[in-house]
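Trainee: I'd like to ask you about the structure that follows.
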Amino acid sequence: MSPAKEVSANPVPMKERMKIPRQGMPEQAAELRVMNFTEVNLGYSQELARQEALRCLECAKSPCVDYCPVGVKVKDFVKLIVAGDYLGAAAKIREDNVLPAITGRVCPQEDHCEGFCLLHKKVDSLGIGYLERFVADYEQKAGAPPAANAAPTGKKVAIVGSGPAGLSAAGDLIQRGHQVHVFEALHEIGGVLVYGIPEFRLPKQVIREQIDTMRKMGVEFETNVVVGKTVSIDELFEEEGYDAVFIATGAGLPVFLNIPGEHLNGVYSANEFLTRINLMHAYEFPRYDEPMVGLRGKHVAVIGGGNTALDAIRSARRLGAERAYVLYRRSETEMPARAEEVKHAKQEGIDFQVLTNPVEFLDDGRGWLRAARCVRMELGEPDASGRRRPIPIAGSEFEVPLSVAIIATGTSANPLVQSTTPGLKTNKRGYIEADGESQRTSRKGVFAGGDIVTGSATVILAMGAGRRAAKAMHEYLNTGAW
Amino acid sequence: MYRILDAQFIAPGIKRFVIDVPRIAKKHQAGQFVILRLHERGERIPITIESSDREKGTIRIVVQAVGKTTYELNALETGGAILDVVGPLGKPSEIEKYGTVAVLGGGVGTALAYPTTAALKKAGNRILTILGGRSRELVLLEKEMREVSDALYVTTDDGSYGEKGLVTDKLRELIGKGEPIQLVLAVGPVPMMKAVADLTREHGIRTIVSLNPIMIDGTGMCGGCRVLVGGKSQFACVDGPEFDAHQVDFGVLMRRNRMYRDAEKESLERFQQACAGNGQGGSCKNGAAETAPVTIAGGKP
Ligand SMILES: Cc1cc2nc3c(=O)[nH]c(=O)nc-3n(C[C@H](O)[C@H](O)[C@H](O)COP(=O)(O)OP(=O)(O)OC[C@H]3O[C@@H](n4cnc5c(N)ncnc54)[C@H](O)[C@@H]3O)c2cc1C
Ligand SMILES: Cc1cc2nc3c(=O)[nH]c(=O)nc-3n(C[C@H](O)[C@H](O)[C@H](O)COP(=O)(O)OP(=O)(O)OC[C@H]3O[C@@H](n4cnc5c(N)ncnc54)[C@H](O)[C@@H]3O)c2cc1C
Ligand code: SF4
Ligand code: SF4
Ligand code: FES
């Protein structure tokens, strides 16, 4: 770095920058998009991107960088946008984030970079996510070739699971010259990005492009392998000659509410509902074989208030649900979903019934769901998570007539790998214990990261874990030291 | 892509396949299944592994055509290929020396029961097998089952073969005669398994059934395969598919399996129209090609 003070390419005087309003994201009109599965956000044009970038104050201390979980150099890449060097901006982001087209779309920016942007103290924060997405999409269209890999090391690593944690580790390890083989249980690569998050929020094409790039870089993908069943971690080392393994199997097990009526027809886990739609394309039945219960004109509710819940109910809306409810037991302030999704969902006519909790699913007499019996809640003292604990209000029970209910109240660790890998330590809740810095587990040569270590979190946190693991694995492969 | 090395009808609408899947063949244990997807637009369906050959790297499956996907599968022939095959899934059967074991196979259920029966025989059990079918052609795998049984009885609904009646009639008779049955394994249509469970409950005989709920991933991720066992939710793909018959809520299973009946009917009708004149799922040569282009596994993420 040259010690000389950097000159800003931004022609707008500091005082004026705050007067530029935050540039809105062009989007499909709500009335239209409830009838299709194509992406809601259309992306910034070059003009909009430049206009938005001009708002950056280029702060000396840039909290935007500090509060990005992987430390994306926000200020620097935004400057490059101002200078018109979009490919340079993309390269700058890639120093810290290998999946910017994805994070730009799905990061909960209000909790990270944008939430701490200094503009936010006076006016709207900088549209960092929108800008990140813009440069990533620009780079993809330009077809910029990936950086070259280091000379082959002769070492072989196995990655178990192809979600963001596994993909980012794979990308880093191949670049460092190792042979990388990714095992995936499902028939598609991408983890939650393909089976969970719907097309209207993260087009499959975006993920496909990332994976194609990785294939070109030399990463091998093998689908239809359930590690723990098809092959064990021990066999990967002993019989298949792998030198290190990274476990990135996510937190994919659905948790049910354990209330009466959960076995009625019409009651789904969000995982099943979204898998049918995203992975199996049930929304394209009968062109695709996977069926879905008819939702047209029906009343549908999702239980929960996270991204999963909103993805499920907005999908139901697109499949024709006439009434679509979010039943959430706390208030809107505590809702963990991304702010933009809540906004979009409201525009799409989703009815948010907060401080509401179902206590029973009722039978129509033929084994199908007829209604949910719910109770109203009030908020008490904060609980272990720091959020105010919801308490049922006595005598407040009421019925919501429903044909379909989707349970999206959380997931837990899938035990398949843990239960078949002797000596791999897990915590009380079944998640794999791994060092916070190196992602090392209790087993030599085995690393773990992403949701399988932290419990359900975010794409960017999983990606960060993948990158830390890749770094530590590289060291381990070079030195053999554990 | 997984190659089909051999495909032969063994009964009307019931076909046996040998598939080249070395990884699965190597790990297969009795009681486990695979999930397969025929082509890019296909659904994922679970099918039991009838047997496996580690040396050759192959598994054998027996498929009964009941709907779109199984008809389409049964239209595939030797030399064809299946896009995705994943497994072996599910818990292996608990193989122990129990003493006398009665095995009841109904229709294609016999193919599901066969590997477990063979393993139980090998473990030193005395095996009394009762095979049932609607009619003579639907009594499957008699030869194979005979080889691993100490006694074998056949019942048909119409009396066209063996004794006229149901498998439960024969079981009741054996129990009545004082056969010291320690364990019953019953695999077949849900009503049959339920009838067996009701009978053996009266007599306090431990009974295992293999359940067939609708599945998607087969790894515990979707919860679609949940069954009510002993009042608790269990995922058949990871906690089963075999369960204690006396704890199973068969009503819930039957109801949930009917959830997509309309769509399934529509699918099958469209498929059959597309390959008209197809009696048993065997004459529609390019069933897969009709509906979607077949692409290479892993070739398209
Ligand atoms: C519907 C939904 C919406 C979400 N929306 C957002 C959002 O907007 N923003 C955000 O930041 N986060 C969001 N999240 C959370 C985010 O997707 C996850 O935190 C992230 O995907 C975790 O990444 P991962 O790599 O750890 O695991 P996953 O993405 O879960 O990937 C794990 C992969 O491992 C595979 N696997 C599991 N077991 C095995 C095995 N035994 N052998 C081989 N493969 C195996 C799985 O099939 C899967 O492909 C959402 C989650 C869901 C479910
Ligand atoms: C663990 C297990 C092992 C099985 N082993 C065998 C076997 O060895 N041979 C065999 O012929 N059949 C087996 N089956 C049943 C087989 O999976 C279904 O017949 C098949 O999925 C039907 O698909 P379809 O499209 O042809 O029929 P559809 O028209 O879709 O359905 C016909 C019937 O099959 C059931 N079904 C539909 N989709 C599924 C699904 N994804 N998973 C499970 N059941 C479904 C429905 O309840 C329906 O009643 C097994 C099922 C399970 C769960
Ligand atoms: S990766 Fe996510 S948190 Fe980091 S700068 Fe980009 S959008 Fe913000
Ligand atoms: S905090 Fe906001 S204004 Fe300051 S440098 Fe970061 S993005 Fe720009
Ligand atoms: S098939 Fe999805 S959990 Fe069993």
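Following the order of the structure tokens, first chain is A, next is B, and so on, with residues numbered from 1 inside each chain and ligands from 1 in the order they appear.
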Can I get the residues of chain B within 7 Å of ligand 5, each with the closest pair of atoms and their distance in Å to one decimal, using only C-alpha atoms and all ligand atoms, sorted chain first then ascending number, as a tab-separated table?
Mentor:
```
residue	atom	partner	partner_atom_place_in_ligand_line	distance
B:Met215	CA	ligand 5	1 (S)	3.8
B:Ile216	CA	ligand 5	1 (S)	4.4
B:Asp217	CA	ligand 5	2 (Fe)	4.5
B:Gly218	CA	ligand 5	1 (S)	3.8
B:Thr219	CA	ligand 5	3 (S)	5.6
B:Gly220	CA	ligand 5	3 (S)	3.4
B:Met221	CA	ligand 5	3 (S)	4.5
B:Cys222	CA	ligand 5	2 (Fe)	3.8
B:Gly223	CA	ligand 5	3 (S)	3.8
B:Gly224	CA	ligand 5	2 (Fe)	5.1
B:Cys225	CA	ligand 5	4 (Fe)	4.5
B:Arg226	CA	ligand 5	4 (Fe)	6.7
B:Phe235	CA	ligand 5	4 (Fe)	5.3
B:Ala236	CA	ligand 5	4 (Fe)	5.8
B:Cys237	CA	ligand 5	4 (Fe)	4.3
B:Val238	CA	ligand 5	4 (Fe)	6.5
```
Trainee: Take the residues from that selection and write them out as a short mmCIF file (atom, residue, chain, number, x, y, z; two decimals), in the first residue's frame, keeping N, CA and C atoms.
Mentor:
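The result, stored in out23.cif:
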```
data_model
loop_
_atom_site.label_atom_id
_atom_site.label_comp_id
_atom_site.auth_asym_id
_atom_site.auth_seq_id
_atom_site.Cartn_x
_atom_site.Cartn_y
_atom_site.Cartn_z
N MET B 215 -41.85 -40.39 0.46
CA MET B 215 -40.55 -39.83 0.85
C MET B 215 -40.07 -38.85 -0.21
N ILE B 216 -39.16 -37.97 0.20
CA ILE B 216 -38.51 -37.11 -0.79
C ILE B 216 -36.99 -37.32 -0.71
N ASP B 217 -36.37 -36.76 0.33
CA ASP B 217 -34.91 -36.79 0.39
C ASP B 217 -34.38 -38.12 0.92
N GLY B 218 -35.07 -38.70 1.91
CA GLY B 218 -34.59 -39.96 2.49
C GLY B 218 -33.46 -39.79 3.47
N THR B 219 -33.17 -38.56 3.90
CA THR B 219 -32.07 -38.34 4.83
C THR B 219 -32.51 -37.69 6.14
N GLY B 220 -33.81 -37.54 6.33
CA GLY B 220 -34.29 -36.92 7.56
C GLY B 220 -34.49 -35.41 7.44
N MET B 221 -34.40 -34.89 6.24
CA MET B 221 -34.41 -33.43 6.07
C MET B 221 -35.81 -32.84 5.89
N CYS B 222 -36.74 -33.60 5.28
CA CYS B 222 -38.02 -32.96 4.94
C CYS B 222 -39.14 -33.26 5.93
N GLY B 223 -39.07 -34.40 6.59
CA GLY B 223 -40.13 -34.73 7.54
C GLY B 223 -41.40 -35.22 6.86
N GLY B 224 -41.38 -35.36 5.54
CA GLY B 224 -42.56 -35.79 4.81
C GLY B 224 -42.91 -37.25 5.09
N CYS B 225 -41.91 -38.03 5.48
CA CYS B 225 -42.11 -39.47 5.69
C CYS B 225 -42.51 -39.77 7.12
N ARG B 226 -42.93 -38.74 7.87
CA ARG B 226 -43.18 -39.00 9.29
C ARG B 226 -44.37 -39.92 9.50
N PHE B 235 -39.36 -40.53 11.69
CA PHE B 235 -39.11 -40.37 10.26
C PHE B 235 -38.75 -41.74 9.70
N ALA B 236 -39.61 -42.28 8.83
CA ALA B 236 -39.40 -43.64 8.34
C ALA B 236 -38.07 -43.78 7.61
N CYS B 237 -37.57 -42.73 6.99
CA CYS B 237 -36.35 -42.87 6.19
C CYS B 237 -35.11 -43.02 7.04
N VAL B 238 -35.10 -42.47 8.24
CA VAL B 238 -33.92 -42.62 9.09
C VAL B 238 -34.18 -43.45 10.35
#
```
Trainee: Give me, as an MDAnalysis selection string, all polymer residues having an atom no more than 8 Å from range 178-187 of chain A, counting only C-alpha atoms and skipping those fewer than 3 positions away in the same chain.
Mentor: (chainID A and resid 152:162 166 170 173:175 218:227) or (chainID B and resid 84 86 217 219 297:298 301)
Trainee: Create the file for the chosen residues now, containing N, CA, C and O atoms and written as a CSV table (one decimal), in the first residue's frame.
Mentor:
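Printed below is out_11.csv as written:
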```csv
chain,number,residue,atom,x,y,z
A,152,PRO,N,-0.2,-27.7,-8.1
A,152,PRO,CA,-0.8,-28.8,-7.3
A,152,PRO,C,0.0,-29.3,-6.2
A,152,PRO,O,1.3,-29.4,-6.3
A,153,THR,N,-0.6,-29.5,-5.0
A,153,THR,CA,0.1,-30.0,-3.8
A,153,THR,C,0.1,-31.5,-3.7
A,153,THR,O,0.9,-32.0,-2.9
A,154,GLY,N,-0.7,-32.1,-4.5
A,154,GLY,CA,-0.8,-33.6,-4.4
A,154,GLY,C,-1.7,-34.0,-3.2
A,154,GLY,O,-1.9,-35.2,-2.9
A,155,LYS,N,-2.3,-33.1,-2.5
A,155,LYS,CA,-3.1,-33.4,-1.3
A,155,LYS,C,-4.6,-33.5,-1.8
A,155,LYS,O,-5.0,-32.7,-2.7
A,156,LYS,N,-5.4,-34.3,-1.1
A,156,LYS,CA,-6.8,-34.6,-1.5
A,156,LYS,C,-7.7,-34.2,-0.4
A,156,LYS,O,-7.5,-34.8,0.7
A,157,VAL,N,-8.6,-33.3,-0.6
A,157,VAL,CA,-9.6,-33.0,0.5
A,157,VAL,C,-11.0,-33.4,0.1
A,157,VAL,O,-11.4,-33.2,-1.1
A,158,ALA,N,-11.8,-33.8,1.1
A,158,ALA,CA,-13.2,-34.1,0.8
A,158,ALA,C,-14.0,-33.1,1.6
A,158,ALA,O,-13.7,-32.8,2.7
A,159,ILE,N,-15.0,-32.6,0.9
A,159,ILE,CA,-16.0,-31.7,1.5
A,159,ILE,C,-17.3,-32.4,1.6
A,159,ILE,O,-17.8,-32.9,0.6
A,160,VAL,N,-17.9,-32.4,2.7
A,160,VAL,CA,-19.2,-33.1,2.9
A,160,VAL,C,-20.3,-32.0,3.0
A,160,VAL,O,-20.4,-31.3,4.0
A,161,GLY,N,-21.1,-31.9,2.0
A,161,GLY,CA,-22.2,-30.9,2.0
A,161,GLY,C,-21.8,-29.8,1.0
A,161,GLY,O,-20.7,-29.3,1.1
A,162,SER,N,-22.8,-29.4,0.2
A,162,SER,CA,-22.4,-28.4,-0.8
A,162,SER,C,-23.2,-27.1,-0.6
A,162,SER,O,-23.5,-26.4,-1.6
A,166,GLY,N,-19.6,-25.4,2.5
A,166,GLY,CA,-18.8,-26.3,1.7
A,166,GLY,C,-18.3,-25.7,0.4
A,166,GLY,O,-17.1,-25.9,0.1
A,170,ALA,N,-14.4,-25.2,-0.6
A,170,ALA,CA,-13.9,-25.8,-1.9
A,170,ALA,C,-13.2,-24.8,-2.8
A,170,ALA,O,-12.1,-25.1,-3.3
A,173,LEU,N,-9.8,-23.9,-1.3
A,173,LEU,CA,-8.8,-25.0,-1.3
A,173,LEU,C,-8.3,-25.4,-2.7
A,173,LEU,O,-7.1,-25.7,-2.9
A,174,ILE,N,-9.2,-25.3,-3.7
A,174,ILE,CA,-8.7,-25.6,-5.0
A,174,ILE,C,-7.7,-24.5,-5.5
A,174,ILE,O,-6.7,-24.8,-6.1
A,175,GLN,N,-8.0,-23.3,-5.0
A,175,GLN,CA,-7.0,-22.2,-5.4
A,175,GLN,C,-5.7,-22.4,-4.8
A,175,GLN,O,-4.7,-21.9,-5.3
A,218,GLY,N,-11.7,-26.7,-11.3
A,218,GLY,CA,-11.3,-28.0,-11.0
A,218,GLY,C,-11.9,-28.7,-9.8
A,218,GLY,O,-11.6,-29.9,-9.5
A,219,VAL,N,-12.9,-28.1,-9.2
A,219,VAL,CA,-13.6,-28.8,-8.1
A,219,VAL,C,-14.4,-29.9,-8.6
A,219,VAL,O,-15.1,-29.7,-9.6
A,220,GLU,N,-14.3,-31.1,-8.0
A,220,GLU,CA,-15.2,-32.2,-8.5
A,220,GLU,C,-16.4,-32.3,-7.5
A,220,GLU,O,-16.3,-32.2,-6.3
A,221,PHE,N,-17.5,-32.5,-8.1
A,221,PHE,CA,-18.8,-32.6,-7.4
A,221,PHE,C,-19.3,-34.0,-7.6
A,221,PHE,O,-19.4,-34.5,-8.7
A,222,GLU,N,-19.7,-34.7,-6.5
A,222,GLU,CA,-20.4,-36.0,-6.6
A,222,GLU,C,-21.7,-35.9,-5.8
A,222,GLU,O,-21.7,-35.8,-4.6
A,223,THR,N,-22.8,-36.0,-6.5
A,223,THR,CA,-24.1,-35.9,-5.9
A,223,THR,C,-24.5,-37.3,-5.5
A,223,THR,O,-23.8,-38.3,-5.8
A,224,ASN,N,-25.6,-37.5,-4.8
A,224,ASN,CA,-26.2,-38.8,-4.4
A,224,ASN,C,-25.3,-39.6,-3.4
A,224,ASN,O,-25.3,-40.8,-3.4
A,225,VAL,N,-24.5,-38.9,-2.7
A,225,VAL,CA,-23.6,-39.6,-1.7
A,225,VAL,C,-24.0,-39.0,-0.3
A,225,VAL,O,-23.8,-37.9,0.0
A,226,VAL,N,-24.6,-39.9,0.5
A,226,VAL,CA,-25.0,-39.5,1.9
A,226,VAL,C,-23.8,-40.0,2.8
A,226,VAL,O,-23.7,-41.2,3.1
A,227,VAL,N,-23.0,-39.1,3.2
A,227,VAL,CA,-21.9,-39.5,4.0
A,227,VAL,C,-22.4,-40.0,5.4
A,227,VAL,O,-23.3,-39.3,5.9
B,84,ASP,N,-30.5,-40.7,-11.0
B,84,ASP,CA,-30.0,-40.6,-9.7
B,84,ASP,C,-30.4,-41.8,-8.9
B,84,ASP,O,-31.6,-42.3,-8.9
B,86,VAL,N,-29.6,-43.1,-4.9
B,86,VAL,CA,-28.9,-42.7,-3.6
B,86,VAL,C,-29.2,-43.7,-2.5
B,86,VAL,O,-30.3,-44.2,-2.4
B,217,ASP,N,-36.4,-36.8,0.3
B,217,ASP,CA,-34.9,-36.8,0.4
B,217,ASP,C,-34.4,-38.1,0.9
B,217,ASP,O,-33.3,-38.6,0.5
B,219,THR,N,-33.2,-38.6,3.9
B,219,THR,CA,-32.1,-38.3,4.8
B,219,THR,C,-32.5,-37.7,6.1
B,219,THR,O,-31.7,-37.3,6.9
B,297,ALA,N,-25.8,-37.3,-14.8
B,297,ALA,CA,-25.9,-37.0,-13.3
B,297,ALA,C,-24.7,-36.1,-13.0
B,297,ALA,O,-23.6,-36.3,-13.4
B,298,GLY,N,-25.0,-35.1,-12.2
B,298,GLY,CA,-23.9,-34.2,-11.8
B,298,GLY,C,-23.5,-33.3,-12.9
B,298,GLY,O,-22.8,-32.3,-12.7
B,301,PRO,N,-26.1,-28.9,-12.3
B,301,PRO,CA,-26.3,-28.7,-10.9
B,301,PRO,C,-27.8,-28.4,-10.6
B,301,PRO,O,-28.4,-27.8,-11.4
```
Trainee: Just list as a list in words whatever in range 168-253 of chain A DSSP marks as strand (DSSP E or B).
Mentor: Gln179, Val180, His181, Val182, Phe183, Glu220, Phe221, Glu222, Val227, Val231, Ala244, Val245, Phe246, Ile247 and Leu253 of chain A
Trainee: Per residue of chain A within 9 Å of ligand 2, what are the shortest atom pair and its distance in Å to one decimal, counting only C-alpha atoms and all ligand atoms, with rows by chain and residue number, as JSON lines?
Mentor:
```
{"residue": "A:Asp289", "atom": "CA", "partner": "ligand 2", "partner_atom_place_in_ligand_line": "25 (O)", "distance": 7.9}
{"residue": "A:Glu290", "atom": "CA", "partner": "ligand 2", "partner_atom_place_in_ligand_line": "30 (O)", "distance": 8.4}
{"residue": "A:Pro291", "atom": "CA", "partner": "ligand 2", "partner_atom_place_in_ligand_line": "30 (O)", "distance": 8.4}
```
Trainee: In terms of the shortest atom-to-atom distance over only C-alpha atoms, which of A:Val123, A:Leu118, A:Val34, A:Val206 is closest to chain B?
Mentor: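 Of the candidates, the smallest distance to chain B is held by A:Val206.
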Trainee: B:Phe9, B:Gly106, B:Val184, B:Thr78: which is nearest Gly204 in chain B, counting only C-alpha atoms?
Mentor: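 So, comparing all the options, the nearest one is B:Val184.
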Trainee: Please provide the set of residues having any atom within 12 Å of range 171-173 of chain B, restricted to only C-alpha atoms, with same-chain residues fewer than 3 positions apart removed, written as an MDAnalysis selection string.
Mentor: chainID B and resid 101:105 128:132 152:155 165:168 176:181 183:186 195:203 205
Trainee: Would you save the residues from that selection as a tab-separated table (two decimals), in the first residue's frame, using N, CA and C atoms?
Mentor:
```
chain	number	residue	atom	x	y	z
B	101	VAL	N	-39.33	-67.69	13.35
B	101	VAL	CA	-39.79	-66.41	12.82
B	101	VAL	C	-40.78	-66.67	11.69
B	102	ALA	N	-41.93	-66.01	11.75
B	102	ALA	CA	-42.89	-66.11	10.65
B	102	ALA	C	-42.73	-64.88	9.77
B	103	VAL	N	-42.52	-65.11	8.47
B	103	VAL	CA	-42.38	-64.01	7.53
B	103	VAL	C	-43.61	-63.98	6.63
B	104	LEU	N	-44.27	-62.82	6.58
B	104	LEU	CA	-45.46	-62.70	5.73
B	104	LEU	C	-45.19	-61.68	4.64
B	105	GLY	N	-45.25	-62.12	3.40
B	105	GLY	CA	-45.00	-61.21	2.30
B	105	GLY	C	-46.25	-61.07	1.46
B	128	LEU	N	-40.70	-69.64	8.96
B	128	LEU	CA	-41.97	-70.08	8.38
B	128	LEU	C	-42.47	-68.94	7.51
B	129	THR	N	-42.52	-69.18	6.20
B	129	THR	CA	-42.89	-68.10	5.29
B	129	THR	C	-44.31	-68.27	4.78
B	130	ILE	N	-45.04	-67.17	4.77
B	130	ILE	CA	-46.38	-67.19	4.17
B	130	ILE	C	-46.41	-66.11	3.09
B	131	LEU	N	-46.58	-66.53	1.85
B	131	LEU	CA	-46.65	-65.57	0.75
B	131	LEU	C	-48.09	-65.41	0.31
B	132	GLY	N	-48.47	-64.17	0.08
B	132	GLY	CA	-49.84	-63.95	-0.35
B	132	GLY	C	-49.88	-63.07	-1.58
B	152	LEU	N	-42.87	-73.17	3.72
B	152	LEU	CA	-43.42	-72.06	2.96
B	152	LEU	C	-44.85	-72.35	2.58
B	153	TYR	N	-45.72	-71.40	2.85
B	153	TYR	CA	-47.15	-71.53	2.53
B	153	TYR	C	-47.53	-70.41	1.58
B	154	VAL	N	-48.49	-70.72	0.71
B	154	VAL	CA	-48.95	-69.70	-0.22
B	154	VAL	C	-50.46	-69.54	-0.07
B	155	THR	N	-50.90	-68.30	-0.03
B	155	THR	CA	-52.34	-68.04	-0.05
B	155	THR	C	-52.65	-67.07	-1.18
B	165	GLY	N	-57.45	-67.62	0.50
B	165	GLY	CA	-57.55	-66.88	1.75
B	165	GLY	C	-56.47	-65.83	1.87
B	166	LEU	N	-56.33	-65.33	3.08
B	166	LEU	CA	-55.37	-64.25	3.33
B	166	LEU	C	-54.19	-64.79	4.13
B	167	VAL	N	-53.10	-64.06	4.07
B	167	VAL	CA	-51.92	-64.50	4.83
B	167	VAL	C	-52.22	-64.58	6.32
B	168	THR	N	-53.12	-63.71	6.77
B	168	THR	CA	-53.45	-63.73	8.21
B	168	THR	C	-54.20	-65.01	8.59
B	176	GLY	N	-52.50	-71.22	16.06
B	176	GLY	CA	-53.45	-72.15	16.67
B	176	GLY	C	-52.85	-73.54	16.86
B	177	LYS	N	-52.01	-73.92	15.89
B	177	LYS	CA	-51.40	-75.25	15.96
B	177	LYS	C	-50.27	-75.30	16.99
B	178	GLY	N	-49.99	-74.15	17.60
B	178	GLY	CA	-48.97	-74.12	18.64
B	178	GLY	C	-47.56	-73.91	18.13
B	179	GLU	N	-47.42	-73.39	16.92
B	179	GLU	CA	-46.06	-73.07	16.44
B	179	GLU	C	-45.45	-72.03	17.38
B	180	PRO	N	-44.23	-72.27	17.86
B	180	PRO	CA	-43.64	-71.34	18.84
B	180	PRO	C	-43.05	-70.09	18.17
B	181	ILE	N	-43.92	-69.26	17.62
B	181	ILE	CA	-43.44	-68.09	16.85
B	181	ILE	C	-43.00	-66.97	17.79
B	183	LEU	N	-41.24	-64.17	16.56
B	183	LEU	CA	-41.23	-62.89	15.85
B	183	LEU	C	-41.98	-63.04	14.54
B	184	VAL	N	-42.72	-61.99	14.20
B	184	VAL	CA	-43.38	-61.97	12.90
B	184	VAL	C	-42.83	-60.77	12.12
B	185	LEU	N	-42.48	-61.01	10.86
B	185	LEU	CA	-42.08	-59.92	9.98
B	185	LEU	C	-43.14	-59.86	8.89
B	186	ALA	N	-43.81	-58.72	8.79
B	186	ALA	CA	-44.89	-58.60	7.80
B	186	ALA	C	-44.62	-57.42	6.88
B	195	ALA	N	-53.70	-55.79	9.52
B	195	ALA	CA	-54.41	-57.00	9.93
B	195	ALA	C	-53.48	-57.94	10.70
B	196	VAL	N	-52.24	-58.04	10.23
B	196	VAL	CA	-51.27	-58.90	10.92
B	196	VAL	C	-51.02	-58.35	12.32
B	197	ALA	N	-50.84	-57.03	12.40
B	197	ALA	CA	-50.56	-56.43	13.70
B	197	ALA	C	-51.71	-56.68	14.68
B	198	ASP	N	-52.95	-56.57	14.19
B	198	ASP	CA	-54.11	-56.79	15.06
B	198	ASP	C	-54.14	-58.23	15.58
B	199	LEU	N	-53.80	-59.16	14.69
B	199	LEU	CA	-53.80	-60.58	15.07
B	199	LEU	C	-52.72	-60.88	16.10
B	200	THR	N	-51.49	-60.44	15.81
B	200	THR	CA	-50.38	-60.82	16.70
B	200	THR	C	-50.45	-60.08	18.03
B	201	ARG	N	-51.11	-58.92	18.02
B	201	ARG	CA	-51.26	-58.18	19.29
B	201	ARG	C	-52.03	-59.03	20.30
B	202	GLU	N	-53.11	-59.67	19.78
B	202	GLU	CA	-53.92	-60.54	20.64
B	202	GLU	C	-53.09	-61.65	21.27
B	203	HIS	N	-52.11	-62.12	20.47
B	203	HIS	CA	-51.31	-63.25	20.94
B	203	HIS	C	-50.01	-62.81	21.57
B	205	ILE	N	-47.36	-61.53	20.20
B	205	ILE	CA	-46.15	-61.89	19.44
B	205	ILE	C	-45.53	-60.64	18.84
```
Trainee: Step by step, measure atom-to-atom distances between ligand 1 and each residue using only C-alpha atoms and all ligand atoms, keep those at most 6 Å, then write them as a PyMOL selection string.
Mentor: chain A and resi 106-108+160-166+183-186+190-193+196-197+225-228+248-252+307-308+311+416-417+450-452+456-460+462
Trainee: Identify every residue of chain A that has at least one atom within 9 Å of any atom of chain B, counting only C-alpha atoms, and report the result as a VMD selection string.
Mentor: chain A and resid 185 to 190 207 to 208 211 to 212 221 to 226 229 to 231 251 to 256 258 263 to 266 268 to 276 280 to 281 285 to 293 366 to 368 414 416
Trainee: Neighbours of ligand 4 within 12 Å, counting only C-alpha atoms and all ligand atoms, as an MDAnalysis selection string?
Mentor: chainID A and resid 10 14 17:18 22 52:68 71:79 82 109:110 112:132
Trainee: Print the selection's residues with C-alpha atoms to a file, as a short mmCIF file (atom, residue, chain, number, x, y, z; two decimals), in the first residue's frame.
Mentor:
```
data_model
loop_
_atom_site.label_atom_id
_atom_site.label_comp_id
_atom_site.auth_asym_id
_atom_site.auth_seq_id
_atom_site.Cartn_x
_atom_site.Cartn_y
_atom_site.Cartn_z
CA ASN A 10 -16.13 10.90 -5.88
CA MET A 14 -19.11 15.53 1.44
CA ARG A 17 -23.67 13.27 -0.36
CA MET A 18 -26.23 12.95 2.38
CA ARG A 22 -31.03 6.05 -1.19
CA GLU A 52 -25.98 5.05 -4.85
CA ALA A 53 -22.20 4.65 -4.61
CA LEU A 54 -21.80 8.42 -4.67
CA ARG A 55 -23.58 8.55 -1.28
CA CYS A 56 -20.73 6.78 0.54
CA LEU A 57 -18.96 9.05 3.02
CA GLU A 58 -15.71 7.07 2.71
CA CYS A 59 -15.44 7.08 6.47
CA ALA A 60 -11.95 6.85 8.01
CA LYS A 61 -13.17 4.24 10.46
CA SER A 62 -15.48 2.15 8.36
CA PRO A 63 -17.87 0.19 10.58
CA CYS A 64 -19.45 -1.28 7.45
CA VAL A 65 -16.30 -3.37 7.06
CA ASP A 66 -16.01 -4.26 10.75
CA TYR A 67 -19.58 -5.47 10.91
CA CYS A 68 -19.45 -7.59 7.79
CA GLY A 71 -14.80 -8.15 6.44
CA VAL A 72 -15.71 -7.26 2.85
CA LYS A 73 -13.81 -4.01 2.08
CA VAL A 74 -16.99 -2.10 1.48
CA LYS A 75 -15.48 1.37 1.32
CA ASP A 76 -12.88 0.28 -1.22
CA PHE A 77 -15.23 -1.56 -3.53
CA VAL A 78 -17.72 1.29 -3.44
CA LYS A 79 -14.94 3.69 -4.45
CA VAL A 82 -17.62 5.41 -8.33
CA GLN A 109 -27.63 -6.41 5.69
CA GLU A 110 -29.53 -4.49 8.35
CA HIS A 112 -24.39 -6.38 9.45
CA CYS A 113 -22.77 -3.90 7.09
CA GLU A 114 -25.73 -1.59 6.48
CA GLY A 115 -26.93 -1.65 10.06
CA PHE A 116 -23.72 0.06 11.14
CA CYS A 117 -23.13 2.33 8.15
CA LEU A 118 -22.50 5.84 9.45
CA LEU A 119 -25.00 7.30 6.98
CA HIS A 120 -27.63 5.43 8.94
CA LYS A 121 -27.24 7.87 11.85
CA LYS A 122 -28.74 10.69 9.80
CA VAL A 123 -30.35 9.22 6.70
CA ASP A 124 -30.82 5.80 5.08
CA SER A 125 -27.75 3.56 5.12
CA LEU A 126 -25.83 2.89 1.93
CA GLY A 127 -27.34 0.11 -0.23
CA ILE A 128 -24.30 -2.12 0.25
CA GLY A 129 -26.09 -5.36 -0.54
CA TYR A 130 -27.59 -3.91 -3.72
CA LEU A 131 -24.16 -2.65 -4.81
CA GLU A 132 -22.49 -5.96 -4.02
#
```
